[in-house]
Each structure stands twice: as structure tokens, then as C-alpha cells.
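Source file coords-v2.cif; content: mmCIF, C-alpha atoms.
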data_protein
loop_
_atom_site.label_atom_id
_atom_site.label_comp_id
_atom_site.auth_asym_id
_atom_site.auth_seq_id
_atom_site.Cartn_x
_atom_site.Cartn_y
_atom_site.Cartn_z
CA MET A 7 4.25 -30.30 -35.55
CA THR A 8 1.78 -29.40 -32.81
CA SER A 9 -1.51 -30.67 -31.36
CA LEU A 10 -4.89 -29.20 -30.68
CA ASP A 11 -6.01 -28.36 -27.18
CA ARG A 12 -7.43 -31.28 -25.32
CA ALA A 13 -10.17 -30.72 -22.81
CA PRO A 14 -9.10 -31.57 -19.25
CA GLU A 15 -12.38 -33.44 -18.77
CA ALA A 16 -11.31 -36.00 -21.36
CA ALA A 17 -8.48 -37.19 -19.13
CA PRO A 18 -9.27 -39.74 -16.44
CA ASP A 19 -7.23 -37.87 -13.87
CA GLY A 20 -5.21 -34.70 -13.40
CA ARG A 21 -1.84 -36.35 -14.05
CA ARG A 22 -2.85 -37.57 -17.50
CA ALA A 23 -4.24 -34.14 -18.37
CA GLY A 24 -0.96 -32.62 -17.22
CA ARG A 25 1.03 -34.91 -19.52
CA PHE A 26 -1.07 -33.89 -22.52
CA GLN A 27 -0.59 -30.20 -21.72
CA TRP A 28 3.12 -30.36 -20.83
CA HIS A 29 4.22 -28.82 -24.14
CA ARG A 30 2.00 -25.81 -23.38
CA THR A 31 3.02 -25.32 -19.79
CA HIS A 32 6.76 -25.72 -20.58
CA PRO A 33 7.20 -24.29 -24.10
CA LEU A 34 10.93 -23.60 -23.82
CA ALA A 35 11.75 -27.11 -22.62
CA PHE A 36 9.57 -28.58 -25.35
CA ASP A 37 11.31 -26.53 -28.04
CA ALA A 38 14.72 -27.54 -26.69
CA ALA A 39 13.74 -31.22 -26.85
CA LEU A 40 12.32 -30.71 -30.33
CA ALA A 41 15.57 -29.04 -31.44
CA ALA A 42 17.54 -32.01 -30.10
CA VAL A 43 15.33 -34.42 -32.05
CA PHE A 44 15.82 -32.41 -35.25
CA PHE A 45 19.58 -32.29 -34.68
CA ALA A 46 19.74 -36.07 -34.30
CA ALA A 47 17.54 -36.54 -37.39
CA THR A 48 19.78 -34.18 -39.39
CA LEU A 49 22.93 -36.11 -38.44
CA CYS A 50 21.27 -39.40 -39.26
CA GLY A 51 20.20 -38.04 -42.63
CA ALA A 52 23.73 -36.82 -43.31
CA VAL A 53 25.26 -40.31 -42.95
CA ALA A 54 22.41 -42.22 -44.61
CA ASP A 55 22.08 -43.20 -48.25
CA PRO A 56 18.36 -43.13 -49.12
CA HIS A 57 18.90 -44.78 -52.53
CA GLY A 58 20.62 -48.04 -51.60
CA PRO A 59 19.95 -51.19 -53.58
CA HIS A 60 17.97 -52.66 -50.69
CA GLY A 61 16.58 -49.45 -49.19
CA PRO A 62 18.14 -46.72 -47.04
CA ARG A 63 21.56 -47.53 -45.51
CA PHE A 64 23.30 -45.78 -42.62
CA GLY A 65 27.00 -45.13 -42.16
CA VAL A 66 27.91 -45.09 -45.83
CA ARG A 67 28.55 -41.33 -45.89
CA GLU A 68 31.13 -39.30 -44.01
CA LEU A 69 29.93 -36.92 -41.30
CA SER A 70 31.94 -33.73 -41.74
CA VAL A 71 32.56 -30.97 -39.22
CA THR A 72 30.81 -28.45 -41.49
CA THR A 73 27.62 -30.52 -41.42
CA VAL A 74 27.71 -30.86 -37.64
CA VAL A 75 28.32 -27.14 -37.10
CA LEU A 76 25.64 -26.00 -39.52
CA ALA A 77 23.12 -28.50 -38.20
CA GLY A 78 23.94 -27.52 -34.61
CA LEU A 79 23.49 -23.81 -35.29
CA ALA A 80 20.23 -24.31 -37.19
CA CYS A 81 18.70 -26.61 -34.56
CA THR A 82 19.87 -24.36 -31.69
CA ALA A 83 18.01 -21.46 -33.29
CA LEU A 84 14.80 -23.50 -33.12
CA VAL A 85 14.74 -23.08 -29.34
CA ALA A 86 13.65 -19.45 -29.85
CA ARG A 87 11.09 -20.18 -32.59
CA ARG A 88 8.08 -19.11 -30.48
CA ARG A 89 9.53 -15.79 -29.34
CA LEU A 90 11.30 -14.80 -32.58
CA PRO A 91 9.67 -16.82 -35.38
CA ARG A 92 10.74 -14.62 -38.28
CA SER A 93 14.30 -14.23 -37.05
CA VAL A 94 14.62 -17.99 -36.57
CA LEU A 95 13.31 -18.55 -40.11
CA ALA A 96 15.88 -16.11 -41.50
CA VAL A 97 18.72 -17.85 -39.58
CA THR A 98 17.72 -21.40 -40.50
CA GLY A 99 17.07 -20.43 -44.13
CA SER A 100 20.48 -18.78 -44.40
CA LEU A 101 22.22 -21.79 -42.84
CA THR A 102 20.38 -24.07 -45.27
CA VAL A 103 21.65 -22.04 -48.24
CA VAL A 104 25.18 -22.05 -46.79
CA GLU A 105 25.02 -25.83 -46.35
CA MET A 106 23.92 -26.26 -49.97
CA ILE A 107 26.78 -24.10 -51.26
CA ALA A 108 29.43 -25.66 -48.96
CA ARG A 109 28.51 -29.22 -49.95
CA SER A 110 27.54 -28.61 -53.56
CA SER A 111 29.78 -31.45 -54.73
CA ASP A 112 28.74 -33.91 -52.06
CA PRO A 113 25.35 -35.27 -51.02
CA ARG A 114 23.62 -32.68 -48.85
CA ALA A 115 22.59 -33.06 -45.23
CA PRO A 116 18.90 -32.32 -44.43
CA VAL A 117 19.58 -28.99 -42.67
CA ALA A 118 16.56 -27.68 -44.57
CA PHE A 119 14.35 -29.54 -42.06
CA SER A 120 15.04 -26.79 -39.50
CA ALA A 121 13.92 -24.15 -42.01
CA VAL A 122 10.76 -26.15 -42.68
CA LEU A 123 9.91 -26.16 -38.96
CA ALA A 124 10.69 -22.45 -38.67
CA LEU A 125 8.40 -21.70 -41.61
CA TYR A 126 5.62 -23.72 -40.00
CA THR A 127 6.05 -21.70 -36.80
CA VAL A 128 5.81 -18.40 -38.68
CA ALA A 129 2.66 -19.54 -40.49
CA SER A 130 1.01 -20.74 -37.28
CA ARG A 131 1.73 -17.51 -35.35
CA THR A 132 1.10 -14.77 -37.91
CA ASP A 133 -1.72 -13.82 -40.24
CA ARG A 134 -2.48 -15.29 -43.63
CA PRO A 135 -1.03 -12.47 -45.77
CA THR A 136 2.27 -12.76 -43.89
CA THR A 137 2.23 -16.50 -44.39
CA TRP A 138 1.75 -16.09 -48.13
CA ARG A 139 4.56 -13.56 -48.47
CA VAL A 140 7.09 -15.25 -46.19
CA GLY A 141 6.18 -18.74 -47.41
CA ALA A 142 6.53 -17.80 -51.07
CA LEU A 143 9.89 -16.10 -50.45
CA THR A 144 11.21 -19.08 -48.49
CA MET A 145 10.06 -21.58 -51.12
CA VAL A 146 11.61 -19.59 -53.95
CA VAL A 147 14.95 -18.98 -52.22
CA LEU A 148 15.47 -22.53 -50.92
CA THR A 149 14.23 -24.22 -54.10
CA ALA A 150 16.36 -21.97 -56.34
CA SER A 151 19.42 -22.61 -54.15
CA ALA A 152 18.85 -26.35 -54.34
CA MET A 153 18.49 -26.26 -58.11
CA LEU A 154 21.58 -24.06 -58.57
CA PHE A 155 23.92 -25.72 -56.10
CA GLY A 156 22.36 -29.12 -55.56
CA GLU A 157 22.38 -32.37 -57.40
CA ARG A 158 22.05 -32.58 -61.11
CA PRO A 159 19.85 -32.38 -63.02
CA TRP A 160 18.13 -29.32 -61.56
CA TYR A 161 14.80 -31.14 -61.44
CA ALA A 162 16.19 -33.93 -59.28
CA GLN A 163 13.89 -35.42 -56.67
CA GLN A 164 15.87 -33.91 -53.77
CA ASN A 165 15.54 -30.41 -55.22
CA LEU A 166 11.80 -30.65 -55.78
CA ALA A 167 11.35 -32.16 -52.32
CA ILE A 168 12.44 -28.87 -50.74
CA PHE A 169 9.70 -27.07 -52.68
CA ALA A 170 7.11 -29.60 -51.51
CA TRP A 171 8.21 -29.58 -47.84
CA THR A 172 8.23 -25.79 -47.55
CA GLY A 173 4.81 -25.57 -49.21
CA MET A 174 3.34 -28.17 -46.87
CA ALA A 175 4.89 -26.44 -43.83
CA ALA A 176 3.27 -23.11 -44.75
CA ALA A 177 -0.10 -24.78 -45.43
CA ALA A 178 0.00 -26.80 -42.20
CA GLY A 179 0.93 -23.74 -40.12
CA ASP A 180 -1.87 -21.69 -41.64
CA ALA A 181 -4.36 -24.50 -40.97
CA VAL A 182 -3.27 -24.73 -37.33
CA ARG A 183 -3.55 -20.95 -36.94
CA SER A 184 -7.04 -20.98 -38.47
CA ARG A 185 -8.09 -23.85 -36.22
CA ARG A 186 -6.73 -22.08 -33.16
CA ALA A 187 -8.54 -18.86 -34.10
CA TYR A 188 -11.76 -20.83 -34.66
CA ILE A 189 -11.54 -22.46 -31.24
CA ASP A 190 -10.76 -19.12 -29.59
CA ALA A 191 -13.77 -17.56 -31.32
CA ILE A 192 -16.02 -20.39 -30.09
CA ARG A 193 -14.75 -19.97 -26.54
CA GLU A 194 -15.21 -16.20 -26.71
CA ARG A 195 -18.79 -16.62 -27.97
CA ALA A 196 -19.48 -19.15 -25.23
CA ASP A 197 -18.11 -16.79 -22.58
CA ARG A 198 -20.15 -13.90 -24.01
CA ALA A 199 -23.27 -16.05 -24.11
CA GLU A 200 -22.70 -17.07 -20.49
CA ARG A 201 -22.30 -13.44 -19.46
CA THR A 202 -25.43 -12.54 -21.42
CA ARG A 203 -27.41 -15.29 -19.72
CA GLU A 204 -26.25 -14.12 -16.30
CA GLU A 205 -27.15 -10.51 -17.11
CA GLU A 206 -30.55 -11.60 -18.45
CA ALA A 207 -31.17 -13.65 -15.30
CA ARG A 208 -30.27 -10.68 -13.09
CA ARG A 209 -32.51 -8.41 -15.16
CA ARG A 210 -35.44 -10.83 -14.88
CA VAL A 211 -34.91 -11.14 -11.13
CA ALA A 212 -34.91 -7.35 -10.77
CA GLU A 213 -38.08 -7.04 -12.86
CA GLU A 214 -39.79 -9.72 -10.81
CA ARG A 215 -38.81 -8.00 -7.57
CA MET A 216 -40.22 -4.72 -8.87
CA ARG A 217 -43.43 -6.42 -9.94
CA ILE A 218 -43.90 -8.05 -6.54
CA ALA A 219 -43.08 -4.75 -4.81
CA ARG A 220 -45.73 -2.97 -6.87
CA GLU A 221 -48.34 -5.61 -6.09
CA LEU A 222 -47.59 -5.51 -2.36
CA HIS A 223 -47.65 -1.72 -2.34
CA ASP A 224 -50.97 -1.53 -4.16
CA VAL A 225 -52.59 -4.11 -1.91
CA VAL A 226 -51.21 -2.95 1.41
CA ALA A 227 -51.30 0.82 0.85
CA HIS A 228 -54.94 0.85 -0.26
CA HIS A 229 -56.37 -1.23 2.53
CA ILE A 230 -54.14 0.19 5.27
CA ALA A 231 -55.23 3.69 4.25
CA LEU A 232 -58.87 2.67 4.61
CA VAL A 233 -58.18 0.97 7.94
CA ASN A 234 -56.36 4.06 9.22
CA VAL A 235 -59.20 6.39 8.30
CA GLN A 236 -61.94 4.18 9.71
CA ALA A 237 -59.97 3.57 12.90
CA GLY A 238 -59.61 7.35 13.31
CA VAL A 239 -63.35 7.80 12.82
CA ALA A 240 -64.13 5.08 15.38
CA SER A 241 -61.79 6.65 17.91
CA HIS A 242 -63.34 10.09 17.37
CA VAL A 243 -66.98 9.07 17.78
CA MET A 244 -66.53 6.24 20.28
CA ASP A 245 -67.95 8.15 23.24
CA ASN A 246 -70.71 10.21 21.62
CA ARG A 247 -71.91 7.99 18.77
CA PRO A 248 -71.13 4.35 19.55
CA ASP A 249 -73.31 3.09 16.67
CA GLN A 250 -71.22 5.01 14.12
CA ALA A 251 -68.05 3.79 15.84
CA LYS A 252 -69.28 0.23 15.59
CA GLN A 253 -69.96 0.73 11.86
CA ALA A 254 -66.46 2.16 11.37
CA LEU A 255 -64.93 -0.83 13.16
CA ALA A 256 -66.92 -3.13 10.88
CA HIS A 257 -65.38 -1.35 7.92
CA VAL A 258 -61.95 -1.80 9.52
CA ARG A 259 -62.58 -5.53 9.87
CA GLU A 260 -63.79 -5.82 6.27
CA ALA A 261 -60.84 -3.81 4.90
CA SER A 262 -58.32 -5.82 6.89
CA ARG A 263 -59.89 -9.09 5.73
CA SER A 264 -59.74 -7.93 2.12
CA ALA A 265 -56.13 -6.90 2.61
CA LEU A 266 -55.25 -10.31 4.00
CA ASP A 267 -57.00 -12.08 1.11
CA GLU A 268 -55.25 -10.03 -1.55
CA LEU A 269 -51.92 -10.30 0.25
CA ARG A 270 -52.33 -14.06 0.45
CA ALA A 271 -53.10 -14.21 -3.27
CA THR A 272 -50.10 -12.03 -4.13
CA VAL A 273 -47.67 -13.99 -1.99
CA GLY A 274 -49.11 -17.19 -3.46
CA LEU A 275 -47.72 -16.14 -6.84
CA LEU A 276 -44.27 -16.90 -5.46
CA ARG A 277 -45.15 -20.56 -5.13
CA GLN A 278 -43.94 -23.03 -7.69
CA SER A 279 -46.24 -23.65 -10.62
CA ASP A 280 -46.85 -27.27 -9.56
CA ASP A 281 -47.79 -26.32 -5.97
CA PRO A 282 -51.42 -27.42 -5.46
CA LYS A 283 -51.88 -24.71 -2.83
CA ALA A 284 -51.15 -21.92 -5.27
CA PRO A 285 -54.06 -19.46 -5.55
CA THR A 286 -56.47 -20.00 -8.40
CA GLU A 287 -58.57 -16.83 -8.02
CA PRO A 288 -58.41 -14.44 -10.99
CA ALA A 289 -56.56 -11.17 -10.62
CA PRO A 290 -58.75 -8.14 -9.85
CA GLY A 291 -59.94 -6.09 -12.81
CA LEU A 292 -62.51 -3.58 -13.94
CA GLY A 293 -65.22 -6.19 -13.43
CA VAL A 294 -64.95 -5.66 -9.66
CA LEU A 295 -64.28 -1.92 -9.84
CA ASP A 296 -67.69 -1.17 -8.35
CA GLN A 297 -66.67 -3.05 -5.19
CA LEU A 298 -63.51 -0.97 -4.96
CA VAL A 299 -65.47 2.27 -5.37
CA ASP A 300 -68.05 1.11 -2.81
CA GLY A 301 -65.25 0.59 -0.27
CA PHE A 302 -64.09 4.19 -0.69
CA VAL A 303 -67.64 5.47 -0.48
CA ARG A 304 -68.16 3.64 2.82
CA ALA A 305 -64.85 5.14 4.01
CA GLY A 306 -66.28 8.63 3.47
CA LEU A 307 -64.96 9.52 0.00
CA PRO A 308 -67.75 10.31 -2.48
CA VAL A 309 -66.84 8.77 -5.84
CA VAL A 310 -68.64 9.14 -9.16
CA LEU A 311 -67.96 6.26 -11.51
CA GLU A 312 -68.46 6.80 -15.24
CA MET A 313 -67.90 3.53 -17.07
CA PRO A 314 -69.57 1.74 -20.00
CA PRO A 315 -72.44 -0.39 -18.66
CA ALA A 316 -71.16 -3.61 -20.25
CA PRO A 317 -67.42 -3.27 -20.99
CA GLN A 318 -65.98 -5.73 -23.43
CA SER A 319 -63.36 -8.20 -22.30
CA LEU A 320 -59.87 -6.71 -21.94
CA PRO A 321 -56.42 -8.28 -22.03
CA ALA A 322 -55.55 -9.53 -18.58
CA SER A 323 -52.55 -7.21 -18.23
CA VAL A 324 -54.59 -4.14 -19.23
CA ASP A 325 -57.47 -5.13 -16.95
CA LEU A 326 -55.20 -5.55 -13.91
CA THR A 327 -53.23 -2.36 -14.63
CA ALA A 328 -56.42 -0.32 -15.04
CA TYR A 329 -57.74 -1.61 -11.72
CA ARG A 330 -54.46 -0.85 -9.91
CA VAL A 331 -54.30 2.64 -11.42
CA VAL A 332 -57.79 3.50 -10.18
CA GLN A 333 -57.03 1.93 -6.80
CA GLU A 334 -53.82 3.91 -6.34
CA ALA A 335 -55.35 7.17 -7.56
CA LEU A 336 -58.36 6.90 -5.22
CA THR A 337 -56.08 5.93 -2.34
CA ASN A 338 -54.04 9.10 -2.92
CA VAL A 339 -57.25 11.17 -3.02
CA HIS A 340 -58.42 9.59 0.22
CA LYS A 341 -55.09 10.20 1.95
CA HIS A 342 -54.07 13.59 0.64
CA ALA A 343 -57.15 15.52 -0.54
CA GLY A 344 -58.84 17.97 1.80
CA ALA A 345 -61.94 17.37 3.84
CA GLY A 346 -65.08 17.04 1.77
CA ALA A 347 -63.21 16.19 -1.42
CA ARG A 348 -65.07 14.37 -4.14
CA ALA A 349 -63.53 12.07 -6.78
CA THR A 350 -64.58 11.16 -10.29
CA VAL A 351 -63.50 8.03 -12.16
CA ARG A 352 -64.05 8.11 -15.91
CA ILE A 353 -63.27 5.13 -18.17
CA ILE A 354 -63.49 5.34 -21.96
CA ARG A 355 -62.96 2.31 -24.20
CA THR A 356 -62.10 2.62 -27.91
CA GLU A 357 -60.87 0.16 -30.47
CA ALA A 358 -57.26 1.17 -29.94
CA ALA A 359 -56.93 2.14 -26.28
CA LEU A 360 -58.45 2.31 -22.82
CA THR A 361 -58.40 5.75 -21.18
CA LEU A 362 -58.81 6.20 -17.42
CA THR A 363 -59.20 9.56 -15.71
CA VAL A 364 -59.30 9.94 -11.94
CA GLN A 365 -59.70 13.49 -10.62
CA ASP A 366 -60.78 15.19 -7.44
CA ASP A 367 -61.90 18.71 -6.55
CA GLY A 368 -59.24 19.11 -3.87
CA GLY A 369 -61.58 19.76 -0.95
CA GLN A 370 -60.98 22.51 1.60
CA ALA A 371 -59.28 22.49 4.99
CA ASP A 372 -60.04 25.74 6.88
CA GLY A 373 -60.54 27.53 3.59
CA VAL A 374 -57.11 26.56 2.24
CA PRO A 375 -56.66 23.95 -0.51
CA ALA A 376 -55.14 20.82 0.97
CA GLN A 377 -51.55 19.99 0.06
CA ARG A 378 -51.24 16.89 -2.09
CA ALA A 379 -48.37 14.54 -1.36
CA ASP A 380 -48.60 13.11 -4.89
CA GLU A 381 -47.89 16.49 -6.50
CA PRO A 382 -44.39 16.92 -7.94
CA ALA A 383 -43.53 19.77 -5.57
CA ASP A 384 -43.87 17.51 -2.55
CA THR A 385 -40.78 15.50 -1.68
CA GLY A 386 -42.54 13.36 0.89
CA GLY A 387 -44.60 11.29 -1.54
CA GLY A 388 -44.37 7.52 -1.56
CA HIS A 389 -43.91 5.02 -4.36
CA GLY A 390 -47.51 5.03 -5.56
CA LEU A 391 -47.10 7.17 -8.66
CA ILE A 392 -43.74 5.54 -9.42
CA GLY A 393 -45.31 2.08 -9.38
CA MET A 394 -48.24 3.36 -11.44
CA ARG A 395 -45.91 4.70 -14.13
CA GLU A 396 -43.92 1.46 -14.17
CA ARG A 397 -47.09 -0.54 -14.73
CA VAL A 398 -48.32 1.72 -17.51
CA PHE A 399 -44.94 2.02 -19.25
CA ALA A 400 -44.61 -1.76 -19.23
CA LEU A 401 -47.70 -1.82 -21.49
CA ARG A 402 -46.34 1.08 -23.59
CA GLY A 403 -49.00 3.40 -22.27
CA THR A 404 -48.88 7.03 -21.15
CA VAL A 405 -49.42 8.70 -17.78
CA VAL A 406 -50.24 12.36 -17.19
CA THR A 407 -50.52 13.60 -13.60
CA GLY A 408 -50.75 17.06 -12.11
CA PRO A 409 -52.91 19.62 -10.36
CA ARG A 410 -56.08 20.92 -12.00
CA ALA A 411 -56.59 24.59 -12.77
CA SER A 412 -59.87 24.60 -10.80
CA GLY A 413 -58.30 22.84 -7.84
CA GLY A 414 -57.58 19.27 -6.98
CA PHE A 415 -55.50 16.68 -8.79
CA GLN A 416 -55.89 14.57 -11.90
CA VAL A 417 -54.44 11.28 -13.12
CA ARG A 418 -54.95 10.40 -16.77
CA VAL A 419 -53.74 7.06 -18.14
CA THR A 420 -53.96 5.66 -21.67
CA LEU A 421 -53.38 1.94 -22.22
CA PRO A 422 -53.06 0.64 -25.79
CA LEU A 423 -55.02 -2.54 -26.46
CA HIS A 424 -53.40 -3.87 -29.65
CA THR A 425 -49.89 -3.84 -28.10
CA ALA A 426 -51.10 -5.92 -25.20
CA ARG A 427 -52.59 -8.53 -27.53
CA THR A 428 -49.44 -8.61 -29.66
CA ASP A 429 -47.23 -9.12 -26.63
CA GLY A 430 -49.20 -12.20 -25.69
CA THR A 431 -50.56 -10.83 -22.45
CA THR A 432 -54.17 -11.71 -23.12
#
Can the structure from this file be put into C-alpha cells for me?
Amino acid sequence: MTSLDRAPEAAPDGRRAGRFQWHRTHPLAFDAALAAVFFAATLCGAVADPHGPHGPRFGVRELSVTTVVLAGLACTALVARRRLPRSVLAVTGSLTVVEMIARSSDPRAPVAFSAVLALYTVASRTDRPTTWRVGALTMVVLTASAMLFGERPWYAQQNLAIFAWTGMAAAAGDAVRSRRAYIDAIRERADRAERTREEEARRRVAEERMRIARELHDVVAHHIALVNVQAGVASHVMDNRPDQAKQALAHVREASRSALDELRATVGLLRQSDDPKAPTEPAPGLGVLDQLVDGFVRAGLPVVLEMPPAPQSLPASVDLTAYRVVQEALTNVHKHAGAGARATVRIIRTEAALTLTVQDDGGQADGVPAQRADEPADTGGGHGLIGMRERVFALRGTVVTGPRASGGFQVRVTLPLHTARTDGTT
């Protein structure tokens, strides 16, 4: 009746694949050729005697004009079976009944073959309930007509054959429809899975870009801020206090060297995992927080550090995020707080979470509290607080930032510890 789709890759070349798919690319021509084949088979069946003494014999029956006309009309209707399947079934079924009545006294011609093909087409192109209803109606009408107007007795083999052929046509059409729907569902799932993989890849690329951007910002912004301040100090005291200028330039050299080292380590993360030159140094954490605070103190920002004397080991993601939060908060204090500002870093560790608080007293500039670029009212702030929130939210933590009632600014971050362990970030 029909064939399943064949993959083009299975053909050795394009011409062979085109031959296998010709009936799909030229459906009308295929149906016309199929109708011609059925017409020839109907005429051959009309003149053949299937019950000869030595097997089927041809030419022993007379081919009447009625048989040719009915067979021609039924097979011509098959050309439109794809576009009008139910109408074609109604036409071929009616012509089959007419042929049975017109030749009730003579052996019948197999015009019913066209109705069988039409029923198969309906079953293969509609749903299962329609197939059951239309198939049952066709089987009953054609079988009853054969038993009433066909050969005697009513249970003759030719009469029962119509029942069997129509039943097999409906079953075969339903099987082909189910197979086609199954293949379409597989293709749709494959296409959806491909789209999902592409979207997941784009999402992972975007997340990786954001992570790298945060790392570069934290490394560069911190050290460049220190370099800028120390360079300004050196320029200011170069003439009057050369010793202090020399000390400031030493701090500039140390800060720039640290910036280069951390930048090299961050960029090294982009190397392939099997690159032997990839950095092997551990990521910074609270274990080296005293070095970070000492750098700010040397840059002229008094910092009070309140931290447990011997903190327990933390998940790597929490340790790095805590370090970057303190680094970013102190950098903002150093850049935006007023002259003489003091900062306090307080770290509290519990069984469930790690809490970090970085606050400053605001300082004074000519008796007026200094404007903070990291306050919400300022539209000129950078990406520091944004990156800080992204880091904390990635660990399902919380961030609270804002000005203090007594002056200054405060950053308070809570990082859950159990979530980090569960996520496998230890």
C-alpha cells in the first residue's frame, strides 16, 4: 500500500534517494499510476476464472461494457484519494455495490479492490475512532451486498473474502497512521532536545562570561583603586616628603604585581584542563584575608577585622565568595568614603551560615558626609555591587546594602553552608 520513510543517508547517492522518495515528491502522479495498475488488475480479474481444474485461467469470461465502465470510474476516483479520502471511499463503495447488483447473475469483477484501497487511505489519514466507524460501516455494507446479491450460498468464499479484505485494509491503514505518528513524535522530540541543548549551551556560555567578568572586575578594580590612591599620594608628597613618596611608589609596585598575579591566575582558568601551564594556585579565601586588610591599611584605610581566630574549613565556593565580598566592599569604602573614614569587617560563623558585615563611618569632607557611589541614589556606580549580588545569589545567600543611620555605609551578606555542600561545591 505504502512504505515508511527512508533516511536519505541510507542511499549511496542522491539519485537513489530520489527514486525511493518519488512517490512522496509526486503524489498525484503516483496515485494516477496506482489507479492504472488497479484498473488493469480489475479487468484481468473480470476475465479470469480462479477455480479452474488446473488453477486460474484467463480469457474464459466475457468482459462486458458495464464492468469496464464501473472499473474505470472506480479506479479514476482513486487519483483523488489523498485529497478527498472519504469522498473517494463513498464513490468506490457505491460503484462496488452497483457492480454487485448489475452482475448478480454472473461472476463478479473485483471492483471492490478500489474500495479496499480507498478504505486503507481513510484509515491511514484520519484518527482511530474515524477508522473504526468508517471501517465498520464499509465492511457491513459491502459484505451484506455481496451476501444478498452475490454468489450462492451466502457464505461463499467470495462473499467472505470482501469482509476479510476490508478488515485488513482498515487495520493496515491504522497501523501505518500509528507508525507515521510515532516517527513524527520521535522527530519532534529530537528537534526539541536539540533546541534544548542549544539553549542550555548558550545559557552556560552566558553564565561563564558573567563569572569571568566578575573575577576580572574584582581583581582589577581592587588593585587599580589601590594603585590610583598610592600614585596620588606619591605625586602629592614628591617634593616635600620624598621618603613617603618612595613608600607610596613601593605600595604601587606591590599592588600592581599582585594585580598581575591574580589576573594571570584568572585568565589561566580559560586554558584547557589538560594544559600543563594552567595555574595550580588555590583561589583566594578567608585564610589570606589578613593580607587583603593589610593592603588597605597600608593604602591609608584603617580597617578593624573581627574574625574567629581559627576558622573552620569552608566550602571552596563560600570561601571565595566571602573573600570577594570583603574585597569589593573595602574597595568601595576606599574609593567613595570621605577622608578619615574607618572600616570594620565582622565575620561570624555558625553551623548553618557564614555572615559577613563590612561597614564604615562615612568620614567627613569639609564637614559634609561624603557621597557614596555605591548607594542606590547614585546612578554613577559601577558593577561592583551587581557582581557581589550575583555571587551571593548563586549560593542562595542574601545581601543587604544601604546607608547607616549614624553615617557611612554597610554591606551585610549571609552565605548558607549546607546548600553549598549539597550542590557539590566543596
(message) For A:Asp325, find every residue with an atom within 7 Å (counting all atoms listed in the file), except residues of its own chain fewer than 4 positions away, and show them as a list in words.
(response) Gly291, Leu292, Leu320, Pro321 and Tyr329 of chain A
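Computed from the coordinates, the atom CA of A:Val128 to atom CA of A:Arg92 distance equals 6.2 Å.
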(request) Within 12 Å of A:Arg139, counting all atoms listed in the file, which residues show up once you throw out same-chain ones fewer than 3 positions away? Write them as number ranges by chain, please. (result) A: 92, 125, 128-129, 132-136, 142-146, 176
(request) For the structure shown, which residues end up in the PyMOL selection byres ((chain A and resi 41-49) around 12)? Put them as an MDAnalysis selection string, please? (result) chainID A and resid 7 34:40 50:54 64:65 67:87 102 114:124
(message) Given the PyMOL selection byres ((chain A and resi 411) around 12) and the file above, list the residues it selects as a PyMOL selection string.
(response) chain A and resi 365-368+408-410+412-416
(request) For the structure provided, state which residues fall under the PyMOL selection byres ((chain A and resi 295) around 10), and present them as a list in words. (result) Pro290, Gly291, Leu292, Gly293, Val294, Asp296, Gln297, Leu298, Val299, Asp300, Gly301, Leu311, Met313, Ala328, Tyr329, Arg330, Val332 and Gln333 of chain A
(request) Would you please work out which residue, of A:Gln250, A:Glu200, A:Thr337, A:Ser93, is nearest to A:Asn234 when using all atoms listed in the file? (result)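 When distances to A:Asn234 are compared using all atoms listed in the file, the smallest one comes from A:Thr337.
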(request) Can you work out the spacing between atom CA of A:Val258 and atom CA of A:Val364 in Å, to one decimal? (result) 24.6 Å
(message) Between atom CA of A:Asp180 and atom CA of A:Ser100, what distance in Å does the model show, to one decimal?
(response) 22.7 Å
(request) Around the point (-63.3, -4.0, 9.6), in the coordinates given by the file, pick out the residues reaching within 12 Å, counting all atoms listed in the file, and return them as a PyMOL selection string. (result) chain A and resi 229-230+232-237+240+251-266+301+304-305
(message) My list of candidates is A:Val309, A:Ile353, A:Ala219, A:Ile189. Which is closest to A:Met394 when distances are computed with only C-alpha atoms?
(response) A:Ala219
(request) May I have the protein, DNA and RNA residues with any atom at most 8 Å from the point (-60.0, 8.9, -2.7), counting all atoms listed in the file, written as number ranges by chain? (result) A: 302, 307-309, 335-341, 343, 348-349, 366
